[in-house]
Every structure is written in structure tokens, then in C-alpha cells.
$ cat structure_34.pdb   # PDB, C-alpha atoms
ATOM      1  CA  MET A 156      27.652  11.367  -1.210
ATOM      2  CA  ARG A 157      24.623   9.981  -2.950
ATOM      3  CA  PRO A 158      22.472   7.847  -0.603
ATOM      4  CA  GLU A 159      21.935   4.162  -1.281
ATOM      5  CA  LEU A 160      18.371   4.213   0.039
ATOM      6  CA  SER A 161      15.674   6.892  -0.173
ATOM      7  CA  ILE A 162      12.785   6.427   2.265
ATOM      8  CA  ILE A 163       9.591   8.180   1.137
ATOM      9  CA  ILE A 164       6.737   8.709   3.592
ATOM     10  CA  PRO A 165       3.532  10.513   2.562
ATOM     11  CA  VAL A 166       1.641  11.955   5.527
ATOM     12  CA  TYR A 167      -1.510  13.876   6.273
ATOM     13  CA  ASP A 168      -2.385  15.036   9.782
ATOM     14  CA  ARG A 169      -0.596  12.179  11.557
ATOM     15  CA  ALA A 170       2.181  13.794  13.566
ATOM     16  CA  LYS A 171       1.909  11.299  16.422
ATOM     17  CA  GLU A 172       1.904   8.295  14.125
ATOM     18  CA  LEU A 173       4.772   9.742  12.080
ATOM     19  CA  GLN A 174       6.843  10.137  15.218
ATOM     20  CA  THR A 175       6.326   6.460  16.056
ATOM     21  CA  CYS A 176       7.168   5.433  12.492
ATOM     22  CA  LEU A 177      10.400   7.446  12.384
ATOM     23  CA  GLY A 178      11.323   6.382  15.914
ATOM     24  CA  THR A 179      11.180   2.701  14.969
ATOM     25  CA  LEU A 180      12.896   3.394  11.642
ATOM     26  CA  ARG A 181      15.956   5.142  13.092
ATOM     27  CA  PRO A 182      17.674   2.050  14.614
ATOM     28  CA  HIS A 183      17.423   0.240  11.287
ATOM     29  CA  LEU A 184      19.449   2.874   9.413
ATOM     30  CA  ASP A 185      22.778   2.127  11.088
ATOM     31  CA  GLY A 186      25.358   1.314   8.441
ATOM     32  CA  LEU A 187      23.119   2.507   5.597
ATOM     33  CA  HIS A 188      23.701   5.724   3.701
ATOM     34  CA  SER A 189      20.100   6.853   3.464
ATOM     35  CA  GLU A 190      17.764   9.824   3.300
ATOM     36  CA  ILE A 191      14.234  10.266   4.632
ATOM     37  CA  ILE A 192      11.751  12.315   2.634
ATOM     38  CA  ILE A 193       8.424  13.381   4.140
ATOM     39  CA  ILE A 194       5.710  14.508   1.710
ATOM     40  CA  ASP A 195       2.990  16.360   3.603
ATOM     41  CA  ASP A 196      -0.291  16.367   1.683
ATOM     42  CA  ALA A 197      -1.402  19.779   2.987
ATOM     43  CA  SER A 198      -1.880  18.901   6.662
ATOM     44  CA  PRO A 199      -3.845  21.565   8.565
ATOM     45  CA  ASP A 200      -1.030  22.165  11.091
ATOM     46  CA  GLU A 201       2.775  22.095  11.338
ATOM     47  CA  GLY A 202       2.965  18.869  13.348
ATOM     48  CA  PRO A 203       4.440  16.670  10.585
ATOM     49  CA  LYS A 204       6.973  19.384   9.703
ATOM     50  CA  GLU A 205       8.201  19.584  13.293
ATOM     51  CA  ILE A 206       8.488  15.792  13.568
ATOM     52  CA  ALA A 207      10.372  15.594  10.258
ATOM     53  CA  ALA A 208      12.819  18.256  11.432
ATOM     54  CA  SER A 209      13.440  16.451  14.729
ATOM     55  CA  PHE A 210      14.528  13.340  12.810
ATOM     56  CA  GLY A 211      16.585  15.194  10.212
ATOM     57  CA  ALA A 212      14.216  14.281   7.379
ATOM     58  CA  ARG A 213      13.718  16.365   4.261
ATOM     59  CA  TYR A 214      10.238  17.857   4.221
ATOM     60  CA  PHE A 215       7.972  18.961   1.386
ATOM     61  CA  LYS A 216       4.380  20.138   1.662
ATOM     62  CA  ASN A 217       1.749  20.178  -1.079
ATOM     63  CA  ASP A 218      -0.118  23.460  -1.330
ATOM     64  CA  ARG A 219      -3.409  21.518  -1.453
ATOM     65  CA  ARG A 220      -4.594  17.932  -1.050
ATOM     66  CA  GLN A 221      -3.257  15.956  -3.993
ATOM     67  CA  GLY A 222      -3.546  12.380  -2.794
ATOM     68  CA  SER A 223      -1.122   9.621  -1.904
ATOM     69  CA  ALA A 224      -0.084   8.736  -5.469
ATOM     70  CA  TYR A 225       0.848  12.323  -6.286
ATOM     71  CA  SER A 226       2.807  12.591  -3.034
ATOM     72  CA  LYS A 227       4.753   9.402  -3.755
ATOM     73  CA  ASN A 228       5.640  10.652  -7.233
ATOM     74  CA  LEU A 229       6.856  13.905  -5.712
ATOM     75  CA  GLY A 230       8.941  11.854  -3.293
ATOM     76  CA  ILE A 231      10.502   9.953  -6.188
ATOM     77  CA  ASP A 232      11.349  13.220  -7.918
ATOM     78  CA  GLN A 233      12.935  14.690  -4.799
ATOM     79  CA  SER A 234      14.907  11.566  -3.883
ATOM     80  CA  SER A 235      18.338  10.511  -5.070
ATOM     81  CA  GLY A 236      18.853   6.887  -3.975
ATOM     82  CA  ASP A 237      19.005   3.996  -6.414
ATOM     83  CA  ILE A 238      16.609   2.120  -4.116
ATOM     84  CA  LEU A 239      13.317   3.562  -2.864
ATOM     85  CA  LEU A 240      11.390   2.465   0.219
ATOM     86  CA  PHE A 241       7.792   3.637   0.529
ATOM     87  CA  LEU A 242       6.337   3.594   4.026
ATOM     88  CA  ASP A 243       2.982   4.664   5.436
ATOM     89  CA  SER A 244       3.092   7.101   8.311
ATOM     90  CA  ASP A 245       1.192   4.677  10.577
ATOM     91  CA  ILE A 246       3.553   1.710  10.385
ATOM     92  CA  GLU A 247       6.026   0.429  12.930
ATOM     93  CA  LEU A 248       9.260  -1.303  12.014
ATOM     94  CA  LEU A 249       9.814  -4.460  14.038
ATOM     95  CA  ASP A 250      12.899  -5.909  15.684
ATOM     96  CA  CYS A 251      12.987  -8.523  12.936
ATOM     97  CA  THR A 252      12.832  -5.933  10.139
ATOM     98  CA  SER A 253      16.109  -5.745   8.236
ATOM     99  CA  LEU A 254      16.517  -3.131   5.520
ATOM    100  CA  PRO A 255      19.844  -4.668   4.364
ATOM    101  CA  GLU A 256      18.121  -8.035   3.878
ATOM    102  CA  MET A 257      15.341  -6.380   1.889
ATOM    103  CA  ILE A 258      17.945  -4.654  -0.278
ATOM    104  CA  ALA A 259      19.768  -7.948  -0.797
ATOM    105  CA  VAL A 260      16.581  -9.697  -1.958
ATOM    106  CA  LEU A 261      15.739  -6.806  -4.287
ATOM    107  CA  LYS A 262      19.214  -6.817  -5.828
ATOM    108  CA  ASN A 263      19.948 -10.524  -5.935
ATOM    109  CA  THR A 264      16.613 -12.196  -6.704
ATOM    110  CA  PRO A 265      16.075 -12.561 -10.471
ATOM    111  CA  PHE A 266      13.263 -10.392 -11.821
ATOM    112  CA  CYS A 267      12.469  -8.964  -8.382
ATOM    113  CA  GLY A 268      10.477  -5.745  -8.619
ATOM    114  CA  GLN A 269       9.186  -5.251  -5.062
ATOM    115  CA  VAL A 270      10.064  -6.378  -1.540
ATOM    116  CA  GLY A 271       8.060  -5.618   1.592
ATOM    117  CA  GLY A 272       4.809  -6.682   3.185
ATOM    118  CA  GLU A 273       3.135  -6.643   6.562
ATOM    119  CA  ALA A 274       3.056  -8.823   9.658
ATOM    120  CA  ILE A 275       0.470 -10.197  12.048
ATOM    121  CA  LEU A 276       1.589 -10.561  15.651
ATOM    122  CA  ASP A 277       0.289 -12.748  18.443
ATOM    123  CA  ILE A 278      -0.555 -11.343  21.881
ATOM    124  CA  SER A 279       3.087 -11.705  22.969
ATOM    125  CA  GLY A 280       4.286  -9.547  20.068
ATOM    126  CA  LYS A 281       5.783 -12.402  18.057
ATOM    127  CA  VAL A 282       5.321 -12.446  14.284
ATOM    128  CA  THR A 283       3.086 -15.371  13.337
ATOM    129  CA  HIS A 284       2.115 -14.546   9.744
ATOM    130  CA  ILE A 285       3.367 -12.361   6.923
ATOM    131  CA  PHE A 286       1.385 -11.250   3.911
ATOM    132  CA  GLY A 287       1.243  -9.343   0.657
ATOM    133  CA  ARG A 288      -1.570  -9.025  -1.846
ATOM    134  CA  ASN A 289      -2.757 -11.202  -4.724
ATOM    135  CA  ILE A 290      -5.073 -10.369  -7.624
ATOM    136  CA  ASP A 291      -7.811 -12.679  -8.882
ATOM    137  CA  GLU A 292      -6.939 -13.378 -12.526
ATOM    138  CA  ARG A 293     -10.595 -13.539 -13.579
ATOM    139  CA  THR A 294     -12.012 -10.509 -11.819
ATOM    140  CA  GLY A 295      -9.138  -8.203 -10.880
ATOM    141  CA  ARG A 296     -10.114  -8.281  -7.207
ATOM    142  CA  SER A 297      -7.301  -8.197  -4.671
ATOM    143  CA  ARG A 298      -6.980 -10.068  -1.393
ATOM    144  CA  SER A 299      -4.530 -10.659   1.432
ATOM    145  CA  ASP A 300      -3.019 -14.145   1.492
ATOM    146  CA  TYR A 301      -1.369 -14.998   4.805
ATOM    147  CA  PHE A 302       1.732 -17.140   5.210
ATOM    148  CA  ASP A 303       2.729 -18.900   8.435
ATOM    149  CA  VAL A 304       6.324 -17.927   9.239
ATOM    150  CA  ARG A 305       6.969 -21.381  10.695
ATOM    151  CA  GLN A 306       6.790 -22.741   7.157
ATOM    152  CA  TYR A 307       9.103 -20.143   5.636
ATOM    153  CA  SER A 308      12.120 -21.249   3.607
ATOM    154  CA  SER A 309      12.423 -18.768   0.716
ATOM    155  CA  PRO A 310      10.894 -15.423  -0.389
ATOM    156  CA  ILE A 311       7.120 -15.670  -0.856
ATOM    157  CA  ARG A 312       5.872 -14.359  -4.183
ATOM    158  CA  TYR A 313       2.777 -12.137  -4.364
ATOM    159  CA  ASP A 314       1.144 -10.115  -7.102
ATOM    160  CA  TYR A 315       1.923  -6.795  -5.459
ATOM    161  CA  ILE A 316       3.129  -5.198  -2.242
ATOM    162  CA  PRO A 317       1.071  -2.449  -0.556
ATOM    163  CA  THR A 318       3.090   0.749  -0.226
ATOM    164  CA  SER A 319       2.627   0.725   3.523
ATOM    165  CA  ASN A 320       6.014  -1.012   3.192
ATOM    166  CA  CYS A 321       7.349  -1.448  -0.322
ATOM    167  CA  MET A 322      10.937  -1.343  -1.596
ATOM    168  CA  VAL A 323      11.650  -0.884  -5.319
ATOM    169  CA  LYS A 324      14.516   0.115  -7.578
ATOM    170  CA  ARG A 325      14.380   3.681  -8.822
ATOM    171  CA  SER A 326      15.020   2.479 -12.375
ATOM    172  CA  ASP A 327      11.982   0.161 -12.259
ATOM    173  CA  ALA A 328       9.722   2.884 -10.851
ATOM    174  CA  ALA A 329      10.866   5.150 -13.681
ATOM    175  CA  ARG A 330      10.215   2.445 -16.310
ATOM    176  CA  ILE A 331       6.502   2.501 -15.505
ATOM    177  CA  ASN A 332       6.428   6.265 -14.844
ATOM    178  CA  GLY A 333       5.703   5.921 -11.133
ATOM    179  CA  PHE A 334       2.294   5.877  -9.508
ATOM    180  CA  ASP A 335      -0.901   6.622 -11.375
ATOM    181  CA  ASP A 336      -2.001   9.855  -9.722
ATOM    182  CA  TYR A 337      -5.452   9.714 -11.268
ATOM    183  CA  TYR A 338      -6.214   7.430  -8.325
ATOM    184  CA  ALA A 339      -7.313  10.120  -5.912
ATOM    185  CA  VAL A 340      -7.420   7.774  -2.928
ATOM    186  CA  LEU A 341      -6.550   4.067  -2.484
ATOM    187  CA  GLY A 342      -5.552   1.604  -5.186
ATOM    188  CA  GLU A 343      -2.454   3.297  -6.575
ATOM    189  CA  ASP A 344      -0.160   0.667  -5.037
ATOM    190  CA  LYS A 345      -2.167  -2.166  -6.569
ATOM    191  CA  ASP A 346      -1.983  -0.498  -9.979
ATOM    192  CA  PHE A 347       1.755   0.153  -9.517
ATOM    193  CA  GLY A 348       2.518  -3.464  -8.612
ATOM    194  CA  TYR A 349       0.300  -4.783 -11.395
ATOM    195  CA  ARG A 350       2.163  -2.716 -13.986
ATOM    196  CA  LEU A 351       5.521  -3.922 -12.641
ATOM    197  CA  GLY A 352       4.210  -7.444 -13.149
ATOM    198  CA  ARG A 353       3.326  -6.665 -16.752
ATOM    199  CA  ILE A 354       6.979  -5.876 -17.499
ATOM    200  CA  GLY A 355       8.039  -9.212 -16.016
ATOM    201  CA  LEU A 356       8.921  -8.224 -12.437
ATOM    202  CA  HIS A 357       7.821 -10.079  -9.299
ATOM    203  CA  SER A 358       6.907  -9.054  -5.739
ATOM    204  CA  TYR A 359       8.243 -10.837  -2.656
ATOM    205  CA  VAL A 360       7.670 -10.924   1.098
ATOM    206  CA  ILE A 361      10.229 -12.185   3.623
ATOM    207  CA  PRO A 362       9.914 -12.448   7.434
ATOM    208  CA  ASN A 363      12.723  -9.910   7.885
ATOM    209  CA  GLY A 364      11.107  -7.456   5.516
ATOM    210  CA  VAL A 365       7.706  -6.876   7.131
ATOM    211  CA  VAL A 366       6.295  -4.129   9.339
ATOM    212  CA  LEU A 367       3.343  -3.750  11.666
ATOM    213  CA  HIS A 368       0.608  -1.630  10.092
ATOM    214  CA  HIS A 369      -1.511   0.108  12.716
ATOM    215  CA  PHE A 370      -4.143   1.343  10.217
ATOM    216  CA  ALA A 371      -4.544   4.631  12.076
ATOM    217  CA  THR A 372      -8.023   6.109  11.889
ATOM    218  CA  THR A 373      -6.562   9.634  11.928
ATOM    219  CA  ALA A 374      -7.321  11.446   8.665
ATOM    220  CA  ARG A 375      -9.595   8.634   7.469
ATOM    221  CA  ARG A 376     -13.046   9.804   6.575
ATOM    222  CA  ASP A 377     -16.318   7.964   6.285
ATOM    223  CA  GLY A 378     -17.097   6.315   2.983
ATOM    224  CA  GLN A 379     -13.988   4.127   2.915
ATOM    225  CA  LEU A 380     -15.963   1.199   1.533
ATOM    226  CA  ASP A 381     -17.324   3.385  -1.277
ATOM    227  CA  LYS A 382     -13.775   4.515  -2.075
ATOM    228  CA  GLN A 383     -12.656   0.902  -2.267
ATOM    229  CA  TYR A 384     -15.434   0.187  -4.758
ATOM    230  CA  ARG A 385     -14.448   3.214  -6.854
ATOM    231  CA  THR A 386     -10.845   2.058  -6.886
ATOM    232  CA  GLN A 387     -11.768  -1.471  -7.917
ATOM    233  CA  VAL A 388     -13.998  -0.274 -10.749
ATOM    234  CA  ARG A 389     -11.283   2.088 -11.977
ATOM    235  CA  PHE A 390      -8.638  -0.648 -11.875
ATOM    236  CA  CYS A 391     -10.883  -3.028 -13.828
ATOM    237  CA  LEU A 392     -11.780  -0.367 -16.384
ATOM    238  CA  ARG A 393      -8.094   0.111 -17.063
ATOM    239  CA  HIS A 394      -6.875  -3.461 -17.016
ATOM    240  CA  TYR A 395      -9.798  -5.916 -17.091
ATOM    241  CA  GLY A 396     -12.922  -4.289 -18.524
ATOM    242  CA  ILE A 397     -16.255  -3.223 -17.032
ATOM    243  CA  GLY A 398     -17.686  -6.751 -17.015
ATOM    244  CA  THR A 399     -15.031  -8.009 -14.637
ATOM    245  CA  ALA A 400     -15.569  -4.978 -12.404
ATOM    246  CA  THR A 401     -19.205  -5.900 -11.992
ATOM    247  CA  ILE A 402     -18.581  -9.603 -11.474
ATOM    248  CA  GLY A 403     -15.611  -9.081  -9.193
ATOM    249  CA  LEU A 404     -17.357  -6.716  -6.828
ATOM    250  CA  PHE A 405     -20.596  -8.592  -6.501
ATOM    251  CA  ARG A 406     -19.384 -12.170  -6.830
ATOM    252  CA  ASP A 407     -19.999 -14.038  -3.575
ATOM    253  CA  GLU A 408     -21.532 -10.831  -2.254
ATOM    254  CA  LEU A 409     -18.930  -8.676  -0.456
ATOM    255  CA  LEU A 410     -15.919 -10.743   0.595
ATOM    256  CA  ALA A 411     -14.606  -8.147   3.047
ATOM    257  CA  ILE A 412     -17.798  -8.323   5.102
ATOM    258  CA  ARG A 413     -17.738 -12.115   5.107
ATOM    259  CA  LEU A 414     -14.268 -11.999   6.632
ATOM    260  CA  ARG A 415     -12.668 -14.744   4.660
ATOM    261  CA  THR A 416      -9.759 -15.102   2.312
ATOM    262  CA  LYS A 417      -8.489 -17.637  -0.182
ATOM    263  CA  PRO A 418      -7.411 -20.346  -0.525
ATOM    264  CA  GLU A 419      -8.269 -21.423   3.046
ATOM    265  CA  PRO A 420     -10.858 -20.158   5.542
ATOM    266  CA  ILE A 421      -9.587 -18.048   8.433
ATOM    267  CA  PRO A 422      -9.415 -19.944  11.749
ATOM    268  CA  LYS A 423     -11.895 -18.752  14.348
ATOM    269  CA  ASN A 424     -10.520 -16.472  17.088
ATOM    270  CA  SER A 425      -7.141 -16.362  15.367
ATOM    271  CA  ALA A 426      -4.842 -13.340  15.044
ATOM    272  CA  ILE A 427      -5.776 -13.203  11.362
ATOM    273  CA  GLU A 428      -9.499 -13.075  12.109
ATOM    274  CA  ARG A 429      -8.958 -10.300  14.663
ATOM    275  CA  PHE A 430      -6.885  -8.386  12.138
ATOM    276  CA  GLU A 431      -9.506  -8.664   9.378
ATOM    277  CA  GLN A 432     -12.323  -7.832  11.785
ATOM    278  CA  ARG A 433     -10.539  -4.639  12.780
ATOM    279  CA  TYR A 434      -9.836  -3.777   9.150
ATOM    280  CA  VAL A 435     -13.491  -4.136   8.235
ATOM    281  CA  THR A 436     -14.932  -2.249  11.203
ATOM    282  CA  GLU A 437     -12.297   0.455  11.710
ATOM    283  CA  ILE A 438     -10.825   1.060   8.269
ATOM    284  CA  LEU A 439     -13.593   0.220   5.817
ATOM    285  CA  ARG A 440     -16.055   1.530   8.415
ATOM    286  CA  VAL A 441     -18.579  -1.241   7.872
ATOM    287  CA  LYS A 442     -21.156  -0.491  10.549
ATOM    288  CA  ASN A 443     -23.190  -3.671  10.166
ATOM    289  CA  THR A 444     -23.044  -7.042   8.499
ATOM    290  CA  LYS A 445     -26.460  -7.401   6.956
ATOM    291  CA  ARG A 446     -27.229 -10.703   5.369
ATOM    292  CA  GLY A 447     -29.317 -11.904   2.493
ATOM    293  CA  ALA A 448     -31.257  -9.497   0.317
ATOM    294  CA  HIS A 449     -30.309  -6.387   2.318
ATOM    295  CA  LYS A 450     -26.598  -7.016   1.930
ATOM    296  CA  ARG A 451     -26.978  -7.807  -1.754
ATOM    297  CA  PHE A 452     -28.911  -4.590  -2.255
ATOM    298  CA  ASP A 453     -26.164  -2.604  -0.464
ATOM    299  CA  ALA A 454     -23.509  -4.233  -2.645
ATOM    300  CA  ILE A 455     -25.407  -3.422  -5.839
ATOM    301  CA  LEU A 456     -25.994   0.150  -4.694
ATOM    302  CA  ARG A 457     -22.303   0.663  -3.922
ATOM    303  CA  LEU A 458     -21.350  -0.827  -7.272
ATOM    304  CA  VAL A 459     -23.737   1.483  -9.146
ATOM    305  CA  ARG A 460     -22.400   4.498  -7.256
ATOM    306  CA  ALA A 461     -18.828   3.432  -8.021
ATOM    307  CA  ILE A 462     -19.550   3.074 -11.744
ATOM    308  CA  VAL A 463     -21.309   6.451 -11.861
ATOM    309  CA  TRP A 464     -18.405   8.059 -10.008
ATOM    310  CA  ASN A 465     -15.952   6.646 -12.556
ATOM    311  CA  VAL A 466     -18.087   7.849 -15.453
ATOM    312  CA  PHE A 467     -17.867  11.392 -14.093
ATOM    313  CA  HIS A 468     -14.144  10.948 -13.382
ATOM    314  CA  PHE A 469     -13.268   9.251 -16.648
ATOM    315  CA  LYS A 470     -10.398  11.637 -17.344
ATOM    316  CA  GLY A 471      -7.087   9.843 -17.550
ATOM    317  CA  ILE A 472      -8.601   6.361 -17.710
ATOM    318  CA  GLY A 473      -6.251   5.438 -20.554
ATOM    319  CA  ARG A 474      -3.136   6.889 -18.941
ATOM    320  CA  GLU A 475      -0.781   4.921 -16.725
ATOM    321  CA  GLY A 476       1.677   6.399 -14.272
ATOM    322  CA  SER A 477       2.305   9.979 -13.282
ATOM    323  CA  ARG A 478       0.664  12.824 -15.165
ATOM    324  CA  SER A 479       4.093  14.481 -15.191
ATOM    325  CA  PRO A 480       7.130  12.523 -16.388
ATOM    326  CA  LEU A 481       9.279  11.502 -13.438
ATOM    327  CA  ASN A 482      12.839  12.613 -13.032
ATOM    328  CA  ALA A 483      14.398   9.260 -13.888
ATOM    329  CA  SER A 484      17.950  10.356 -13.114
ATOM    330  CA  ALA A 485      19.008  10.469  -9.479
ATOM    331  CA  ARG A 486      19.602  13.871  -7.909
ATOM    332  CA  TYR A 487      22.963  14.645  -6.339
TER     333      TYR A 487
END
$ encode --input "structure_34.pdb" --output "C-alpha cells"
Amino acid sequence: MRPELSIIIPVYDRAKELQTCLGTLRPHLDGLHSEIIIIDDASPDEGPKEIAASFGARYFKNDRRQGSAYSKNLGIDQSSGDILLFLDSDIELLDCTSLPEMIAVLKNTPFCGQVGGEAILDISGKVTHIFGRNIDERTGRSRSDYFDVRQYSSPIRYDYIPTSNCMVKRSDAARINGFDDYYAVLGEDKDFGYRLGRIGLHSYVIPNGVVLHHFATTARRDGQLDKQYRTQVRFCLRHYGIGTATIGLFRDELLAIRLRTKPEPIPKNSAIERFEQRYVTEILRVKNTKRGAHKRFDAILRLVRAIVWNVFHFKGIGREGSRSPLNASARY
């Protein structure tokens, strides 16, 4: 019987994290006809394969590093469900997470293209905020906008949902030809959600559709901040133009280092501030927070390097979606 839900998890060298992810996923699959597909991006050992086998997941391994976007497209091709759920290998499903509720929102909300999002927990483990990502209309920059669950009454609309936890219809993914695999690292989910928006589809976050993202440092290399700059420049070149790339990256210096979001400042010593501080120091690998002229010089230097990198990697700048047409029909 054809599954209702295909769960696609790209992984590289994160056997321990993958085990946690699949362990928290398993209880949520009761009553759902589903399949789990693990796409291993050429991990150096057999750890992810062994974990996938222990959970009864289908496993595919790239013969060389191809990147997250390529792996997700391969997952789409190898899946057969009408609904796709993309998860990162370092996420944890929560007690409040409900895959049936996510499916219901995706199916029943007019013009819904994505459902998912992430959660911030307090020290007791209770979800306090949920969030997705929004895109600045003038500059193309993206940001996290946090929503207090105490004020929740209906699905919260965002510009896109990071594929750490993102549910979409197979037919919609096929309409935009999947993920743009010219993004070698980072940014493919932003581009994917943006293109769904261009065909009139919206992205939503609900309290019962979020996960905890651990942002594992395993397999993350130095230079994350440079990669983020490259991604932003590439996105702007495709959708906004080089002028917005320059303005967006340098405007107000570097927003990630300043640890603030819009439209309201982050409360001091809050769970949100702790989350963003960890993201900056552990994931982006910002080793200092220089101020004034030194920080401006660093921002300009990173921007120049990002533009140069994109000049030398200009191939495919006009293409959107997978380099290979996706298999739009479900496999049986």
C-alpha cells in the first residue's frame, strides 16, 4: 500500500543525532501509513546506515558529498507518499508534536504550501515560543520571528519554513522542481519556500507542528558565517539583484552578531536570547563581537569574499530547482 507520508532525512556523519531523531519520531507514527527515507551524503563510516536499518528506514548513500539540496531531491525521487516531511538529523520531536495535525493544516488550509517550524523551550522543557522565517521585502535578508504560544489562536504565517522540520505536498514540490541543488550548503530551504510563495502558496507554523532543533556541531566546519554570506548573495542575485545583496548584508552592520530580531528587541536573559547566542557562537562560529570600525571592516570583507565566490560559481544562477527533473509521479 502506498504510504500517506514520506519522511526524508538527509544526514552526514551524525549517527548519534540520527538515532535520537528517529527515536523521538517513532511514537508519532502510530496510525499513519508512512515511510522513512535516509539520504546519507557520503558519511565516512557506516553509522547512519546501521541506525537506519535498526528503525526500518530505507537508506541511500551518495557516492560523494553532494550537499543537502541534492540529498533532499534524491529523497523526493525515492519517496512515494503524497505528503513529504523533511527533517534534519539533529532535531527532536516533542510530546506536543502531532503529524496528523500538521497534515490536516496542510490539506485543509487554503493555499497552504508548508507546515512546520521550530520551538524554544524554557528550563522546565515547556514550549514558550514557536518560529519560522521571514524575508525582508527590500533586501532579501531572512530572520527568525518568534511567537509566544500563549497568544496562539490560529496558524501563524511566515515566508518560509526551514527544512529542519518542513511538511509539503509532493505535487507542490514537483511544481517548482524541488530544491535548487546549486546551493552547495545552506539556503536551499529559503529558496524553496520563496519559490512556493511566488506561485501563491503560504507557510504556516502551529504549536503542535514544531520540533526542537539541537543545531549539532557534528559535521559543521569552520567558515559557517562565510557560507551564510555566500548563500545570501546567491539568493539576492537570483531574486533581488546585486544591489540588494550588498545593502542587505551590510545594513545595520551584521544583525546576527547584534543578537536582535524584528519587529521587537529580544528580552534580556530570555530563552530567545540564549537560543540566538548559542546559534551565533556555536553554529555561525562567531568568535568575537567586535564593534565599530573593526566589525564594519569584517562585514565588508566577508561581503567581498561572498561576491567573489559567487562570481566564480556563477553556473546555474538562472536555474531554479533541481538540475535533474524530479520524478513527479509517486512510486509504488
$ resolve_selection --input "structure_34.pdb" --expression "the PyMOL selection byres ((chain A and resi 341-354) around 8)" --output "PDB file with C-alpha atoms, in the coordinates of the input"
ATOM      1  CA  SER A 223      -1.122   9.621  -1.904  1.00  0.00           C
ATOM      2  CA  ALA A 224      -0.084   8.736  -5.469  1.00  0.00           C
ATOM      3  CA  GLY A 268      10.477  -5.745  -8.619  1.00  0.00           C
ATOM      4  CA  GLN A 269       9.186  -5.251  -5.062  1.00  0.00           C
ATOM      5  CA  ASP A 314       1.144 -10.115  -7.102  1.00  0.00           C
ATOM      6  CA  TYR A 315       1.923  -6.795  -5.459  1.00  0.00           C
ATOM      7  CA  ILE A 316       3.129  -5.198  -2.242  1.00  0.00           C
ATOM      8  CA  PRO A 317       1.071  -2.449  -0.556  1.00  0.00           C
ATOM      9  CA  THR A 318       3.090   0.749  -0.226  1.00  0.00           C
ATOM     10  CA  ASP A 327      11.982   0.161 -12.259  1.00  0.00           C
ATOM     11  CA  ILE A 331       6.502   2.501 -15.505  1.00  0.00           C
ATOM     12  CA  GLY A 333       5.703   5.921 -11.133  1.00  0.00           C
ATOM     13  CA  PHE A 334       2.294   5.877  -9.508  1.00  0.00           C
ATOM     14  CA  ASP A 335      -0.901   6.622 -11.375  1.00  0.00           C
ATOM     15  CA  ASP A 336      -2.001   9.855  -9.722  1.00  0.00           C
ATOM     16  CA  TYR A 338      -6.214   7.430  -8.325  1.00  0.00           C
ATOM     17  CA  ALA A 339      -7.313  10.120  -5.912  1.00  0.00           C
ATOM     18  CA  VAL A 340      -7.420   7.774  -2.928  1.00  0.00           C
ATOM     19  CA  GLY A 355       8.039  -9.212 -16.016  1.00  0.00           C
ATOM     20  CA  LEU A 356       8.921  -8.224 -12.437  1.00  0.00           C
ATOM     21  CA  HIS A 357       7.821 -10.079  -9.299  1.00  0.00           C
ATOM     22  CA  SER A 358       6.907  -9.054  -5.739  1.00  0.00           C
ATOM     23  CA  LYS A 382     -13.775   4.515  -2.075  1.00  0.00           C
ATOM     24  CA  GLN A 383     -12.656   0.902  -2.267  1.00  0.00           C
ATOM     25  CA  THR A 386     -10.845   2.058  -6.886  1.00  0.00           C
ATOM     26  CA  GLN A 387     -11.768  -1.471  -7.917  1.00  0.00           C
ATOM     27  CA  PHE A 390      -8.638  -0.648 -11.875  1.00  0.00           C
ATOM     28  CA  GLY A 476       1.677   6.399 -14.272  1.00  0.00           C
TER      29      GLY A 476
END
$ residues_around --input "structure_34.pdb" --residues "segment 159-166 of chain A" --least-positions-apart "2" --cutoff "7 Å" --atoms "only C-alpha atoms" --output "list in words"
Arg157, Asp168, Arg169, His188, Ser189, Glu190, Ile191, Ile192, Ile193, Ile194, Asp195, Asp196, Ser223, Ser226, Lys227, Gly230, Ser234, Ser235, Gly236, Asp237, Ile238, Leu239, Leu240, Phe241, Leu242, Asp243 and Ser244 of chain A
$ resolve_selection --input "structure_34.pdb" --expression "the PyMOL selection byres ((chain A and resi 305) around 12)" --output "PyMOL selection string"
chain A and resi 281-285+302-304+306-309+362
$ closest_residue --input "structure_34.pdb" --among "A:Leu458, A:Asn465, A:Arg213, A:Glu431" --to "Leu380 of chain A" --atoms "only C-alpha atoms"
A:Leu458
$ closest_residue --input "structure_34.pdb" --among "A:Glu256, A:Phe469, A:Asn332, A:Thr294" --to "Gly364 of chain A" --atoms "all atoms listed in the file"
A:Glu256
$ atom_distance --input "structure_34.pdb" --atom1 "atom CA of Leu173 of chain A" --atom2 "atom CA of Asp245 of chain A"
6.4 Å
$ atom_distance --input "structure_34.pdb" --atom1 "atom CA of Ile231 of chain A" --atom2 "atom CA of Phe215 of chain A"
12.0 Å
$ atom_distance --input "structure_34.pdb" --atom1 "atom CA of Gln379 of chain A" --atom2 "atom CA of Ser297 of chain A"
15.9 Å
$ resolve_selection --input "structure_34.pdb" --expression "the PyMOL selection byres ((chain A and resi 470) around 12)" --output "PDB file with C-alpha atoms, in the frame of the given file"
ATOM      1  CA  ASP A 336      -2.001   9.855  -9.722  1.00  0.00           C
ATOM      2  CA  TYR A 337      -5.452   9.714 -11.268  1.00  0.00           C
ATOM      3  CA  TYR A 338      -6.214   7.430  -8.325  1.00  0.00           C
ATOM      4  CA  ALA A 339      -7.313  10.120  -5.912  1.00  0.00           C
ATOM      5  CA  ARG A 389     -11.283   2.088 -11.977  1.00  0.00           C
ATOM      6  CA  ARG A 393      -8.094   0.111 -17.063  1.00  0.00           C
ATOM      7  CA  TRP A 464     -18.405   8.059 -10.008  1.00  0.00           C
ATOM      8  CA  ASN A 465     -15.952   6.646 -12.556  1.00  0.00           C
ATOM      9  CA  VAL A 466     -18.087   7.849 -15.453  1.00  0.00           C
ATOM     10  CA  PHE A 467     -17.867  11.392 -14.093  1.00  0.00           C
ATOM     11  CA  HIS A 468     -14.144  10.948 -13.382  1.00  0.00           C
ATOM     12  CA  PHE A 469     -13.268   9.251 -16.648  1.00  0.00           C
ATOM     13  CA  GLY A 471      -7.087   9.843 -17.550  1.00  0.00           C
ATOM     14  CA  ILE A 472      -8.601   6.361 -17.710  1.00  0.00           C
ATOM     15  CA  GLY A 473      -6.251   5.438 -20.554  1.00  0.00           C
ATOM     16  CA  ARG A 474      -3.136   6.889 -18.941  1.00  0.00           C
ATOM     17  CA  GLU A 475      -0.781   4.921 -16.725  1.00  0.00           C
ATOM     18  CA  ARG A 478       0.664  12.824 -15.165  1.00  0.00           C
TER      19      ARG A 478
END
$ residues_near_point --input "structure_34.pdb" --point "(12.4, 1.9, 9.9)" --cutoff "9 Å" --atoms "all atoms listed in the file" --output "ChimeraX atom specification"
/A:162,176-184,242,246-249,252-254,366
$ closest_residue --input "structure_34.pdb" --among "A:Arg433, A:Asn228, A:Ala197, A:Gly272" --to "Thr372 of chain A" --atoms "only C-alpha atoms"
A:Arg433
